[in-house]
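Chemist: Below is the file model.txt, which contains compact mmCIF, C-alpha atoms.
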# COMPACT_ATOMS: atom_id res chain seq x y z
CA MET A 1 0.00 0.00 0.00
CA SER A 2 1.32 3.45 -0.92
CA THR A 3 2.39 5.84 1.80
CA ALA A 4 1.67 8.86 -0.42
CA SER A 5 -1.28 10.97 0.59
CA ALA A 6 -4.41 11.00 -1.52
CA GLY A 7 -7.41 13.27 -1.56
CA PRO A 8 -8.40 16.66 -2.81
CA ARG A 9 -5.66 18.70 -4.45
CA SER A 10 -7.72 21.81 -3.79
CA GLY A 11 -9.79 22.02 -0.66
CA TYR A 12 -10.24 23.43 2.79
CA ALA A 13 -9.91 22.58 6.44
CA LEU A 14 -12.97 20.95 7.94
CA GLU A 15 -13.20 21.04 11.72
CA VAL A 16 -15.42 18.26 13.02
CA LEU A 17 -16.76 18.77 16.53
CA ARG A 18 -17.87 15.83 18.63
CA TYR A 19 -18.95 16.87 22.10
CA ASP A 20 -15.92 18.74 23.44
CA ARG A 21 -13.36 17.29 21.00
CA SER A 22 -12.46 18.60 17.59
CA THR A 23 -10.52 17.11 14.72
CA ALA A 24 -9.44 18.79 11.50
CA LEU A 25 -9.58 17.09 8.11
CA TRP A 26 -8.56 18.25 4.61
CA TRP A 27 -11.71 18.10 2.47
CA GLY A 28 -12.55 19.00 -1.12
CA GLU A 29 -13.49 17.71 -4.54
CA GLY A 30 -11.86 14.51 -5.73
CA ALA A 31 -10.82 13.54 -9.23
CA ASP A 32 -14.26 11.96 -9.87
CA GLY A 33 -16.11 15.14 -8.86
CA GLY A 34 -17.29 13.74 -5.51
CA ASP A 35 -16.10 15.13 -2.19
CA VAL A 36 -13.19 13.34 -0.51
CA VAL A 37 -10.91 13.77 2.49
CA ALA A 38 -7.14 13.42 2.57
CA THR A 39 -5.88 9.91 3.31
CA ARG A 40 -2.66 8.00 3.62
CA SER A 41 -2.42 4.21 3.44
CA GLY A 42 -6.20 3.94 3.45
CA ARG A 43 -6.65 5.98 6.65
CA VAL A 44 -8.07 9.48 7.01
CA LEU A 45 -5.42 12.09 7.80
CA THR A 46 -6.29 14.23 10.82
CA TRP A 47 -4.82 17.25 12.54
CA ALA A 48 -5.21 18.68 16.02
CA SER A 49 -6.41 22.01 14.63
CA PRO A 50 -7.42 23.69 11.38
CA GLU A 51 -4.20 25.71 11.60
CA ASP A 52 -2.14 22.50 11.63
CA CYS A 53 -4.19 21.24 8.68
CA PHE A 54 -3.55 24.44 6.70
CA SER A 55 0.17 24.17 7.53
CA ALA A 56 0.24 20.72 5.91
CA THR A 57 -1.03 22.11 2.61
CA ALA A 58 2.40 23.50 1.67
CA VAL A 59 4.14 20.21 2.48
CA GLU A 60 1.60 18.18 0.49
CA GLY A 61 1.31 20.64 -2.40
CA TRP A 62 -2.43 21.14 -1.90
CA ASP A 63 -4.18 24.30 -3.08
CA VAL A 64 -6.27 26.16 -0.54
CA ALA A 65 -9.67 26.77 -2.15
CA ASP A 66 -10.96 28.59 0.93
CA ASP A 67 -8.83 29.83 3.81
CA GLU A 68 -11.84 29.93 6.13
CA THR A 69 -12.35 26.82 8.24
CA THR A 70 -15.64 25.03 7.74
CA ARG A 71 -17.11 23.50 10.90
CA THR A 72 -19.56 20.70 11.41
CA ASP A 73 -20.85 19.60 14.79
CA LEU A 74 -21.82 15.94 15.16
CA THR A 75 -22.88 16.38 18.79
CA PRO A 76 -26.60 16.90 18.03
CA ALA A 77 -26.61 13.69 15.95
CA LEU A 78 -24.97 11.79 18.80
CA GLU A 79 -27.52 13.15 21.26
CA TRP A 80 -30.38 12.20 18.92
CA LEU A 81 -29.01 8.67 18.63
CA ALA A 82 -28.94 8.52 22.44
CA ARG A 83 -32.56 9.74 22.44
CA ARG A 84 -31.67 12.86 24.43
CA ARG A 85 -32.98 15.33 21.85
CA ALA A 86 -35.05 15.69 18.71
CA LEU A 87 -33.54 15.08 15.31
CA ASP A 88 -31.23 17.85 14.12
CA ALA A 89 -31.48 17.49 10.34
CA GLU A 90 -28.28 19.43 9.68
CA ALA A 91 -26.17 17.31 12.05
CA ALA A 92 -27.69 14.09 10.68
CA LEU A 93 -27.09 15.15 7.06
CA ASP A 94 -23.54 16.30 7.89
CA ALA A 95 -22.76 12.96 9.56
CA TRP A 96 -24.23 10.99 6.65
CA ASN A 97 -22.42 13.03 3.97
CA LEU A 98 -19.09 13.10 5.84
CA ALA A 99 -19.20 9.33 6.28
CA GLY A 100 -19.92 8.90 2.58
CA ASP A 101 -16.94 11.10 1.71
CA MET A 102 -14.71 9.22 4.15
CA ALA A 103 -15.87 5.88 2.75
CA ARG A 104 -15.20 7.05 -0.82
CA SER A 105 -11.75 8.27 0.24
CA THR A 106 -10.73 5.09 2.05
CA GLY A 107 -12.44 2.52 -0.15
CA THR A 108 -14.74 1.51 2.72
CA PRO A 109 -18.13 0.10 1.65
CA TRP A 110 -20.92 2.55 2.48
CA GLY A 111 -24.04 1.32 0.66
CA ASP A 112 -26.35 4.23 1.34
CA ARG A 113 -28.59 3.91 -1.71
CA GLY A 114 -32.04 2.46 -2.08
CA ARG A 115 -35.65 3.57 -1.90
CA VAL A 116 -35.75 4.27 1.84
CA ALA A 117 -32.20 5.62 1.95
CA ASP A 118 -32.86 7.99 -0.93
CA ALA A 119 -36.12 9.20 0.65
CA CYS A 120 -34.38 9.85 3.98
CA HIS A 121 -31.45 11.68 2.37
CA ARG A 122 -33.82 13.77 0.25
CA LYS A 123 -35.89 14.74 3.32
CA LEU A 124 -32.77 15.72 5.28
CA THR A 125 -31.50 17.76 2.34
CA VAL A 126 -34.80 19.59 1.92
CA ALA A 127 -34.96 20.25 5.67
CA CYS A 128 -31.50 21.86 5.49
CA VAL A 129 -31.90 23.71 2.18
CA PRO A 130 -35.66 24.11 1.62
CA TRP A 131 -35.23 26.72 -1.11
CA LEU A 132 -34.10 23.88 -3.38
CA VAL A 133 -37.78 22.96 -3.60
CA GLY A 134 -39.14 26.51 -3.41
CA GLN A 135 -39.95 26.53 0.31
CA ASP A 136 -38.87 28.84 3.11
CA ASP A 137 -38.61 26.02 5.64
CA CYS A 138 -39.41 22.36 5.90
CA SER A 139 -39.92 20.00 8.83
CA PRO A 140 -40.05 16.51 7.37
CA ARG A 141 -42.42 13.88 8.66
CA TRP A 142 -40.81 10.49 9.04
CA THR A 143 -42.47 7.12 8.65
CA VAL A 144 -41.54 4.49 11.22
CA THR A 145 -39.48 2.70 8.55
CA GLU A 146 -37.65 5.90 7.60
CA GLU A 147 -36.86 6.85 11.18
CA ARG A 148 -35.59 3.35 11.90
CA TYR A 149 -33.40 3.47 8.79
CA LEU A 150 -32.20 6.99 9.61
CA ARG A 151 -31.11 5.91 13.10
CA ARG A 152 -29.16 2.99 11.59
CA ARG A 153 -27.58 5.16 8.88
CA VAL A 154 -26.58 8.03 11.20
CA GLY A 155 -25.30 5.45 13.71
CA ALA A 156 -23.23 3.84 10.94
CA ALA A 157 -21.93 7.27 9.93
CA ILE A 158 -20.77 8.01 13.47
CA ALA A 159 -19.24 4.52 13.73
CA LEU A 160 -17.26 5.09 10.52
CA PHE A 161 -16.05 8.46 11.82
CA ASP A 162 -15.06 6.83 15.10
CA GLN A 163 -13.24 4.02 13.30
CA GLN A 164 -11.27 6.45 11.15
CA VAL A 165 -10.70 9.32 13.57
CA VAL A 166 -11.70 9.07 17.23
CA GLY A 167 -9.43 7.40 19.73
CA ARG A 168 -6.42 6.88 17.51
CA ARG A 169 -3.22 8.79 17.14
CA ARG A 170 -3.42 11.60 14.63
CA GLN A 171 -1.77 10.78 11.35
CA ARG A 172 0.14 13.68 9.96
CA PRO A 173 1.72 14.06 6.54
Take the structure in the file and write it out as structure tokens.

Modeler:
Amino acid sequence: MSTASAGPRSGYALEVLRYDRSTALWWGEGADGGDVVATRSGRVLTWASPEDCFSATAVEGWDVADDETTRTDLTPALEWLARRRALDAEAALDAWNLAGDMARSTGTPWGDRGRVADACHRKLTVACVPWLVGQDDCSPRWTVTEERYLRRRVGAAIALFDQQVVGRRRQRP
């Protein structure tokens, strides 16, 4: 397996918050047009801070598409999974999409397509960006089947993030 880094040549630092911990990733568009994160030897590269991530761009030869750090907070999704709060569509969609990008980047199977999966993803997307469908806001109604699937999918997204990032030593370029 190659020890060279892979991922977006042009991108930005993504700070992922999980309760009181944060991790920075390099994220952007991959060669196939889909979003990817930087990896080495099949593992997601992480940094202690967005500043450390930006510092790595010169070493790796990456172009900075945006020098502002983008942040996503997975805490509301974790609290929803623990049944301590109502669904936060943005956190659920962020977890789902980030996991898909991490899976694409590492070659990890993700399998998030199908009738129920597509309906859930579409509802989350519309809840977060309702103007895509000409609405000012949207609060989706979930069937029992959809909510059950959504809990499994968001749980799998968090598990993939944990497998790749949480509790292991940071891999630096």

Chemist: I want to know what sits within 6 Å of segment 66-73 of chain A, based on all atoms listed in the file, with residues of the same chain fewer than 6 positions away left out; could you give that as a list in words?

Modeler: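 Skipping anything fewer than 6 positions along the chain leaves Tyr12, Ala13, Leu14, Glu15, Val16 and Leu17 of chain A.
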
Chemist: Select, from A:Leu150, A:Ala89, A:Trp26, A:Gln163, the residue with the minimum atom-to-atom distance to Ala127 of chain A, counting all atoms listed in the file.

Modeler: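 Among A:Leu150, A:Ala89, A:Trp26, A:Gln163, it is A:Ala89 that comes nearest to Ala127 of chain A.
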
Chemist: Using all atoms listed in the file for the distances, tell me which of A:Ala117, A:Leu74, A:Ala58, A:Cys53 is nearest to Asp162 of chain A.

Modeler: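 Nearest to Asp162 of chain A: A:Leu74.
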
Chemist: Hey, can you check how far atom CA of His121 of chain A sits from atom CA of Arg83 of chain A?

Modeler: 20.2 Å

Chemist: Atom CA of Thr143 of chain A and atom CA of Leu93 of chain A are how many Å apart?

Modeler: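 Going from atom CA of Thr143 of chain A over to atom CA of Leu93 of chain A covers 17.4 Å.
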
Chemist: Just the residues within 12 Å of Arg85 of chain A, please, counting only C-alpha atoms, with nothing from its chain fewer than 6 positions along; format it as a PyMOL selection string.

Modeler: chain A and resi 75-79

Chemist: Would you please work out which residue, of A:Ser5, A:Thr125, A:Thr57, A:Thr23, is nearest to Gln164 of chain A when using all atoms listed in the file?

Modeler: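 Between A:Ser5, A:Thr125, A:Thr57, A:Thr23, the residue approaching Gln164 of chain A most closely is A:Thr23.
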
Chemist: Using only C-alpha atoms, pick whichever of A:Ala31, A:Met102, A:Val116, A:Leu81 has the shortest atom-to-atom distance to Trp142 of chain A.

Modeler: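 Checking each of A:Ala31, A:Met102, A:Val116, A:Leu81 against Trp142 of chain A, counting only C-alpha atoms, the winner is A:Val116.
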